[in-house]
Protein chains: 2
Amino acid sequence: MTDEERPDPRDQTIDRPSDPDEDDFLPRRELLEQIDDAIDAEDGERLNTLLEPMHAADIADLIERLDTGERRTFLRLYSGEIDGEILSEIDEGIRDEVLEQLPRHVLTEAVREMDSDDLVDLIEDMDEPERAEILAALDDSDRAAVQQSLAYPEYSAGRLMQSEVVTAPAHWTVGETIDFLRAEEWLPEQFYHIILVDPRRHPVGYVALGRLLSSPRGTPLGQITEASFRPVSAYAEEGDVAYAFNQYHLISAPVVDADDRLVGVITIDDAMAVMDEEHQEDILRLAGVGDESSLSDTVWKTSRQRVPWLATNIVTALFAASVIAQFEGAIVRLVALAVLMPIVASMGGNAGTQTLTVAVRGLATKSLTASNTWRVVRREATVGLLNGLIFATIMGLVTYAWFHDPLLGMVIAMAMIINLFVAAVAGILVPLALERLGADPALASGTFVTTVTDVVGFFAFLGLASTVLL
Amino acid sequence: MTDEERPDPRDQTIDRPSDPDEDDFLPRRELLEQIDDAIDAEDGERLNTLLEPMHAADIADLIERLDTGERRTFLRLYSGEIDGEILSEIDEGIRDEVLEQLPRHVLTEAVREMDSDDLVDLIEDMDEPERAEILAALDDSDRAAVQQSLAYPEYSAGRLMQSEVVTAPAHWTVGETIDFLRAEEWLPEQFYHIILVDPRRHPVGYVALGRLLSSPRGTPLGQITEASFRPVSAYAEEGDVAYAFNQYHLISAPVVDADDRLVGVITIDDAMAVMDEEHQEDILRLAGVGDESSLSDTVWKTSRQRVPWLATNIVTALFAASVIAQFEGAIVRLVALAVLMPIVASMGGNAGTQTLTVAVRGLATKSLTASNTWRVVRREATVGLLNGLIFATIMGLVTYAWFHDPLLGMVIAMAMIINLFVAAVAGILVPLALERLGADPALASGTFVTTVTDVVGFFAFLGLASTVLL
């Protein structure tokens with residue numbers, strides 16, 4: 001883009017929103033309304049004009065926010081303009097819908113512009129015929145790169161990397177390297193390091209472009225390499241790669257195959273996107289929402305995603321109810337038990353959720369490790385006892401004031417201590433056990449822990465009450 | 001680092017862990033055990049040798065994982081080696097403890113090596129005397145940069161930026177720029193773009209270093225600028241900046257003051273760290289855990305962080321219990337009500353949490369906006385009704401089978417539909433309302449929503465039962 005084409009930077013500065021209802025990171029609301037109007041009026045020309053200055057990522061978001069009917073109209077009007085950049089920004093959930101409506105020539109045109117990592121992301125979930133069609137549209141070197149990536153497992157560094165790499169032998173000088181870069185017809189759009197390779201294509205270091213630019217022409221590359229250099233195995237999990245980028249402030253990292261030969265490079269923007277997805281997954285899984293759920297999903301899809309968690313919960317709730325049923329006699333004789341019992345269970349559930357969230361986060365951020373597990377378990381158990389004592393005192397006094405029954409106050413206080421202690425221990429041990437078993441602690445911990453706190457809460461309170469009071 | 005000093009890359013490749021108990025991103029367990037032994041033996045020399053090859057971020061994590069006593073010993077043995085890099089990696093919660101034990105000359109030495117953004121992060125929470133002491137240790141230009149940053153609000157782009165920027169006039173050629181970079185004594189450690197400024201220091205574009213390196217010497221910089229150029233206001237919130245980096249795949253962005261003059265630059269690694277922190281906050285707030293909590297906190301601190309949420313919960317649980325108390329007569333006449341009522345409340349709580357988590361995420365990722373609010377509300381309400389019908393049918397049949405009372409089955413089915421519908425509507429409207437009021441929806445939504453589902457659950461079930469059955 002040359003100076004003349006570029007809009008005044010002040011028009012797109014990222015700023016504090018002046019109107020609290022507006023958000024400066026999103027296209028202005030009036031623009032969105034105009035776009036809606038153009039879609040309603042099926043005015044393709046106007047739509048083109050409105051979308052022209054928008055970033056591909058914002059156009060993709062716009063497509064995601066439309067409902068299915070609007071999206072169909074939108075694509076009919078705009079599909080000729082969909083390029084590789086927009087396509088790689090569209091959510092996986094919506095992408096199939098978009099691809100189906102895209103004229104073949106637009107799709108083949110779009111995929112030719114895409115980087116190999118975006119192509120892999122696009123076609124990895126496709127069926128064989130569609131995949132073959134897209135591969136056929138690529139030129140030979142892109143196709144080879146994509147097929148090489150697809151040979152690595154899903155969610156691996158090999159799938160995330162781009163194959164376009166800028167390399168140089170370590171014995172080259174700064175001047176030779178710059179001359180090579182100037183002469184090279186083809187270079188990736190974005191690159192931040194020159195990766196140094198030995199004759200067998202093993203990466204042995206890398207040079208930051210800023211360092212290259214500021215060093216005298218005669219300097220050998222081997223003398224100006226960066227200490228941050230860390231090759232990534234193509235088989236490493238993408239979540240671990242994102243962690244390493246954040247932990248070690250990497251900007252790019254070479255990817256090596258099983259023989260330690262360079263096969264690609266991962267850049268931080270892809271690592272950041274992975275981190276965002278992993279967080280999204282964690283938070284949605286903790287709440288029992290399907291981790292691929294999106295606000296643009298249909299009612300049916302949304303319902304289907306949430307039913308499994310609710311179904312699990314109804315089973316555990318019935319189990320807890322069966323505990324209550326054991327004490328029907330006690331409840332009939334002292335109905336205050338029915339009034340108070342949900343408090344004990346609910347406090348346990350909340351305390352357990354607090355602990356398990358901290359544990360799940362600790363595991364995800366690798367701050368809960370073998371070296372501090374027992375210290376953290378001890379701390380959580382102690383906190384559980386301490387908070388149990390605090391809320392036992394409060395509930396004991398409240399119950400005494402409410403029902404004028406000191407023994408009932410004692411019983412609920414005891415039950416509270418037991419349940420908050422058990423909640424803390426379950427809250428830390430359940431995620432640790434799931435992790436040890438290879439399951440995702442974010443996904444299943446909640447059910448286990450609240451089942452424990454419900455059952456223990458009801459059993460401790462009603463059981464103690466039957467023994468002490470009746 | 002030169003070739004001779006660099007360890008074999010195969011020794012530090014990021015790989016799949018071969019032993020499932022080990023994690024390749026963390027220092028090996030045996031190394032950690034040796035470090036523990038060295039601390040216990042108070043063997044400073046051995047500790048130095050063990051820590052020598054470790055990355056500053058890993059040493060910081062190690063310091064965080066120690067308990068208070070061990071940390072004291074560790075710092076006594078190792079404090080001479082704490083440098084700016086380690087210091088900027090240590091968690092805020094622990095940093096005060098470390099700073100207190102650091103000999104003055106080590107601290108002043110460490111801060112002199114730090115970038116201005118890390119310095120700001122270090123001293124922004126300090127009291128005046130300590131802050132003045134550190135500022136005094138800096139050279140004039142660093143001190144000015146830090147003071148300029150501190151003039152911007154907390155959590156703003158101005159606090160996040162580094163003041164060290166590489167700029168050039170737009171009329172320079174590639175050759176002139178490279179000569180300038182070679183001659184310049186001082187350059188930031190990491191930079192990815194040359195920012196083009198006009199004579200009044202307004203940024204007008206930027207050039208990627210890769211593009212600079214691959215263009216002929218005679219090319220004017222103005223002809224090879226990048227389309228991704230987006231200045232950030234120094235007053236923009238850091239969370240919004242992180243969003244923009246992820247959305248628009250930015251690697252660095254110039255920061256401008258109120259007059260659109262260049263004051264600094266933000267790089268993607270800082271944006272990634274902010275994004276990680278914001279996610280951490282969201283997930284911990286949703287669970288009612290203090291958002292600054294860390295696994296290295298003491299029992300007292302942890303307990304203090306969790307009590308407010310539990311205290312809120314006990315108030316709402318008492319409120320729900322008072323609803324039950326209204327129906328004591330009904331429970332005594334039909335004790336099955338006490339057995340079944342927690343199921344209705346619990347299902348509502350889970351369904352509400354599902355919806356509110358999706359809503360909180362949608363707000364955080366800016367995918368829930370003014371343009372699709374009503375569509376999402378309608379969808380959630382419909383899903384609530386649909387899932388209500390599904391679980392009403394199941395619970396109706398289970399109740400009939402258990403208690404042989406078709407009317408009781410009808411009552412629990414009705415209550416389930418009502419509560420799951422109300423849960424969905426509250427789950428979406430409560431976070432939206434909190435966001436509109438300027439509160440953080442992650443922080444308070446949970447309490448509101450579960451209060452609603454508990455109260456509505458008990459009231460609908462017991463109220464319907466009293467009316468229909470008794």
# chains A, B, ... in the order shown; residues from 1 in each chain; ligands from 1

$ select_by_dssp --residues "region 156-383 of chain A" --states "strand (DSSP E)" --output "PyMOL selection string"
chain A and resi 167-169+193-197+203-208+232-233+252-256+262-267

$ residues_around --residues "Gln148 (chain B)" --least-positions-apart "5" --cutoff "9 Å" --atoms "only C-alpha atoms" --output "ChimeraX atom specification"
/B:143,158-159,163,263

$ write_last_selection --atoms "N, CA and C atoms" --output "mmCIF file, in the first residue's frame"
data_model
loop_
_atom_site.group_PDB
_atom_site.id
_atom_site.type_symbol
_atom_site.label_atom_id
_atom_site.label_comp_id
_atom_site.auth_asym_id
_atom_site.auth_seq_id
_atom_site.Cartn_x
_atom_site.Cartn_y
_atom_site.Cartn_z
ATOM 1 N N ARG B 143 14.514 7.584 33.008
ATOM 2 C CA ARG B 143 13.637 8.173 34.016
ATOM 3 C C ARG B 143 12.523 8.970 33.347
ATOM 4 N N GLY B 158 -0.654 3.591 27.450
ATOM 5 C CA GLY B 158 0.495 4.407 27.842
ATOM 6 C C GLY B 158 1.367 3.737 28.892
ATOM 7 N N ARG B 159 0.739 2.938 29.769
ATOM 8 C CA ARG B 159 1.519 2.192 30.765
ATOM 9 C C ARG B 159 2.171 0.958 30.163
ATOM 10 N N SER B 163 8.987 3.202 25.486
ATOM 11 C CA SER B 163 9.246 4.492 24.851
ATOM 12 C C SER B 163 10.316 4.388 23.777
ATOM 13 N N VAL B 263 4.447 8.533 21.004
ATOM 14 C CA VAL B 263 5.091 8.523 22.324
ATOM 15 C C VAL B 263 5.699 7.169 22.668
#

$ select_by_dssp --residues "region 12-118 of chain B" --states "alpha helix (DSSP H)" --output "NGL selection string"
:B and (29-40 or 44-51 or 56-65 or 68-78 or 84-89 or 92-101 or 104-113 or 116-118)

$ residues_around --residues "Thr68 (chain A)" --least-positions-apart "3" --cutoff "10 Å" --atoms "only C-alpha atoms" --output "list in words"
Ile63, Glu64, Arg65, Arg71, Arg72, Thr73, Phe74, Ile94, Glu97, Ser296, Asp297 and Thr298 of chain A

$ write_last_selection --atoms "N, CA, C and O atoms" --output "short mmCIF file (atom, residue, chain, number, x, y, z; two decimals), in the first residue's frame"
data_model
loop_
_atom_site.label_atom_id
_atom_site.label_comp_id
_atom_site.auth_asym_id
_atom_site.auth_seq_id
_atom_site.Cartn_x
_atom_site.Cartn_y
_atom_site.Cartn_z
N ILE A 63 -20.08 -11.44 9.16
CA ILE A 63 -20.72 -12.62 8.57
C ILE A 63 -21.18 -13.56 9.69
O ILE A 63 -22.26 -14.14 9.63
N GLU A 64 -20.36 -13.69 10.73
CA GLU A 64 -20.72 -14.58 11.83
C GLU A 64 -21.95 -14.08 12.60
O GLU A 64 -22.72 -14.85 13.12
N ARG A 65 -22.08 -12.76 12.70
CA ARG A 65 -23.18 -12.21 13.50
C ARG A 65 -24.53 -12.23 12.79
O ARG A 65 -25.56 -12.07 13.43
N ARG A 71 -27.39 -14.26 6.20
CA ARG A 71 -26.09 -14.68 5.70
C ARG A 71 -26.20 -15.16 4.26
O ARG A 71 -25.33 -14.88 3.45
N ARG A 72 -27.30 -15.88 3.97
CA ARG A 72 -27.48 -16.38 2.62
C ARG A 72 -27.56 -15.20 1.64
O ARG A 72 -26.88 -15.18 0.62
N THR A 73 -28.40 -14.21 1.99
CA THR A 73 -28.53 -13.02 1.14
C THR A 73 -27.18 -12.33 1.00
O THR A 73 -26.77 -11.95 -0.10
N PHE A 74 -26.50 -12.16 2.14
CA PHE A 74 -25.20 -11.48 2.13
C PHE A 74 -24.25 -12.17 1.16
O PHE A 74 -23.61 -11.52 0.33
N ILE A 94 -19.13 -21.64 11.12
CA ILE A 94 -19.87 -20.96 10.06
C ILE A 94 -19.26 -21.28 8.70
O ILE A 94 -19.90 -21.14 7.66
N GLU A 97 -20.93 -23.42 5.94
CA GLU A 97 -22.08 -22.73 5.35
C GLU A 97 -21.60 -21.77 4.26
O GLU A 97 -22.21 -21.68 3.20
N SER A 296 -23.30 -17.50 17.11
CA SER A 296 -24.04 -17.57 15.85
C SER A 296 -24.65 -18.95 15.64
O SER A 296 -25.27 -19.19 14.62
N ASP A 297 -24.50 -19.86 16.61
CA ASP A 297 -25.11 -21.18 16.48
C ASP A 297 -26.63 -21.08 16.49
O ASP A 297 -27.20 -20.18 17.08
N THR A 298 -27.27 -22.07 15.87
CA THR A 298 -28.73 -22.11 15.89
C THR A 298 -29.23 -22.60 17.26
O THR A 298 -28.47 -23.11 18.08
#

$ atom_distance --atom1 "CA of Ser445 (chain B)" --atom2 "CA of Lys301 (chain B)"
23.9 Å

$ atom_distance --atom1 "CA of Ile194 (chain A)" --atom2 "CA of Asp83 (chain B)"
28.6 Å

$ interface_residues --of "chain A" --to "chain B" --cutoff "6 Å" --atoms "only C-alpha atoms" --output "MDAnalysis selection string"
chainID A and resid 1:3 13:16 181:182 214:215 222:223 227 231:233 236 249 269 287 289 299 303 317 321 324:325 332 338:339 343 354 379 383

$ write_last_selection --atoms "C-alpha atoms" --output "PDB file, in the first residue's frame"
ATOM      1  CA  MET A   1       0.000   0.000   0.000  1.00  0.00           C
ATOM      2  CA  THR A   2       1.474   3.358  -0.935  1.00  0.00           C
ATOM      3  CA  ASP A   3       1.177   6.635   0.859  1.00  0.00           C
ATOM      4  CA  THR A  13      -6.592   5.158  15.808  1.00  0.00           C
ATOM      5  CA  ILE A  14      -7.424   2.687  18.538  1.00  0.00           C
ATOM      6  CA  ASP A  15      -8.883   4.943  21.157  1.00  0.00           C
ATOM      7  CA  ARG A  16     -11.064   5.116  24.212  1.00  0.00           C
ATOM      8  CA  LEU A 181      17.036 -11.238   0.437  1.00  0.00           C
ATOM      9  CA  ARG A 182      17.055  -8.451  -2.145  1.00  0.00           C
ATOM     10  CA  SER A 214      22.014  -2.709  12.470  1.00  0.00           C
ATOM     11  CA  SER A 215      25.139  -4.851  12.055  1.00  0.00           C
ATOM     12  CA  GLY A 222      26.757 -16.809  13.665  1.00  0.00           C
ATOM     13  CA  GLN A 223      27.963 -13.878  15.768  1.00  0.00           C
ATOM     14  CA  ALA A 227      19.560 -16.242  22.999  1.00  0.00           C
ATOM     15  CA  PRO A 231      13.113 -25.037  18.137  1.00  0.00           C
ATOM     16  CA  VAL A 232       9.670 -26.637  18.459  1.00  0.00           C
ATOM     17  CA  SER A 233       8.980 -30.270  17.594  1.00  0.00           C
ATOM     18  CA  ALA A 236       4.373 -30.670  20.177  1.00  0.00           C
ATOM     19  CA  HIS A 249       8.587 -14.031  24.899  1.00  0.00           C
ATOM     20  CA  ASP A 269       0.285 -14.141  16.140  1.00  0.00           C
ATOM     21  CA  ALA A 287     -19.439 -24.031  32.636  1.00  0.00           C
ATOM     22  CA  VAL A 289     -21.030 -25.501  27.508  1.00  0.00           C
ATOM     23  CA  VAL A 299     -31.179 -22.922  18.699  1.00  0.00           C
ATOM     24  CA  SER A 303     -29.542 -26.928  22.877  1.00  0.00           C
ATOM     25  CA  ALA A 317     -29.079 -34.220  41.482  1.00  0.00           C
ATOM     26  CA  ALA A 321     -32.133 -36.348  46.283  1.00  0.00           C
ATOM     27  CA  ILE A 324     -32.404 -36.668  51.275  1.00  0.00           C
ATOM     28  CA  ALA A 325     -35.011 -39.416  50.852  1.00  0.00           C
ATOM     29  CA  VAL A 332     -41.283 -34.547  58.795  1.00  0.00           C
ATOM     30  CA  ALA A 338     -35.692 -28.941  54.753  1.00  0.00           C
ATOM     31  CA  VAL A 339     -35.394 -25.174  54.991  1.00  0.00           C
ATOM     32  CA  ILE A 343     -27.670 -23.744  52.384  1.00  0.00           C
ATOM     33  CA  GLN A 354     -13.545 -21.795  43.878  1.00  0.00           C
ATOM     34  CA  ARG A 379      -3.103 -25.027  51.668  1.00  0.00           C
ATOM     35  CA  VAL A 383      -8.366 -22.768  53.753  1.00  0.00           C
TER      36      VAL A 383
END

$ closest_residue --among "A:Leu107, A:Leu77, A:Ala423, A:Leu119" --to "Ile39 (chain A)" --atoms "only C-alpha atoms"
A:Leu77

$ residues_around --residues "Leu50 (chain A)" --least-positions-apart "2" --cutoff "12 Å" --atoms "only C-alpha atoms" --output "number ranges by chain"
A: 27-28, 30-39, 43-48, 52-55, 59, 78

$ write_last_selection --atoms "C-alpha atoms" --output "mmCIF file, in the first residue's frame"
data_model
loop_
_atom_site.group_PDB
_atom_site.id
_atom_site.type_symbol
_atom_site.label_atom_id
_atom_site.label_comp_id
_atom_site.auth_asym_id
_atom_site.auth_seq_id
_atom_site.Cartn_x
_atom_site.Cartn_y
_atom_site.Cartn_z
ATOM 1 C CA PRO A 27 -17.158 -0.834 13.125
ATOM 2 C CA ARG A 28 -19.415 2.100 14.073
ATOM 3 C CA GLU A 30 -24.337 3.434 12.007
ATOM 4 C CA LEU A 31 -22.085 1.629 9.533
ATOM 5 C CA LEU A 32 -23.480 -1.709 10.696
ATOM 6 C CA GLU A 33 -27.006 -0.371 10.300
ATOM 7 C CA GLN A 34 -26.218 0.798 6.789
ATOM 8 C CA ILE A 35 -24.840 -2.646 6.017
ATOM 9 C CA ASP A 36 -28.010 -4.250 7.387
ATOM 10 C CA ASP A 37 -30.084 -1.914 5.220
ATOM 11 C CA ALA A 38 -28.040 -2.789 2.145
ATOM 12 C CA ILE A 39 -28.542 -6.512 2.838
ATOM 13 C CA ASP A 43 -28.140 -3.764 -2.858
ATOM 14 C CA GLY A 44 -24.847 -5.480 -3.710
ATOM 15 C CA GLU A 45 -23.117 -2.379 -4.995
ATOM 16 C CA ARG A 46 -23.816 -0.394 -1.848
ATOM 17 C CA LEU A 47 -22.667 -3.353 0.265
ATOM 18 C CA ASN A 48 -19.374 -3.470 -1.621
ATOM 19 C CA GLU A 52 -14.445 -1.814 1.072
ATOM 20 C CA PRO A 53 -12.549 -0.037 3.905
ATOM 21 C CA MET A 54 -13.222 -2.795 6.470
ATOM 22 C CA HIS A 55 -10.567 -5.224 7.738
ATOM 23 C CA ILE A 59 -15.981 -8.605 7.713
ATOM 24 C CA TYR A 78 -20.945 -10.381 -1.768
#

$ residues_around --residues "Ala413 (chain B)" --least-positions-apart "2" --cutoff "7 Å" --atoms "only C-alpha atoms" --output "ChimeraX atom specification"
/B:392-393,395-396,409-411,415-417

$ closest_residue --among "B:Asp117, B:Leu397, B:Ala145, B:Met126" --to "Ile266 (chain B)" --atoms "only C-alpha atoms"
B:Asp117

$ atom_distance --atom1 "CA of Val120 (chain B)" --atom2 "CA of Val166 (chain B)"
20.0 Å

$ residues_around --residues "Val430 (chain B)" --least-positions-apart "4" --cutoff "10 Å" --atoms "only C-alpha atoms" --output "PyMOL selection string"
chain B and resi 356+359-360+425-426+434-436+441+444-446+448-449
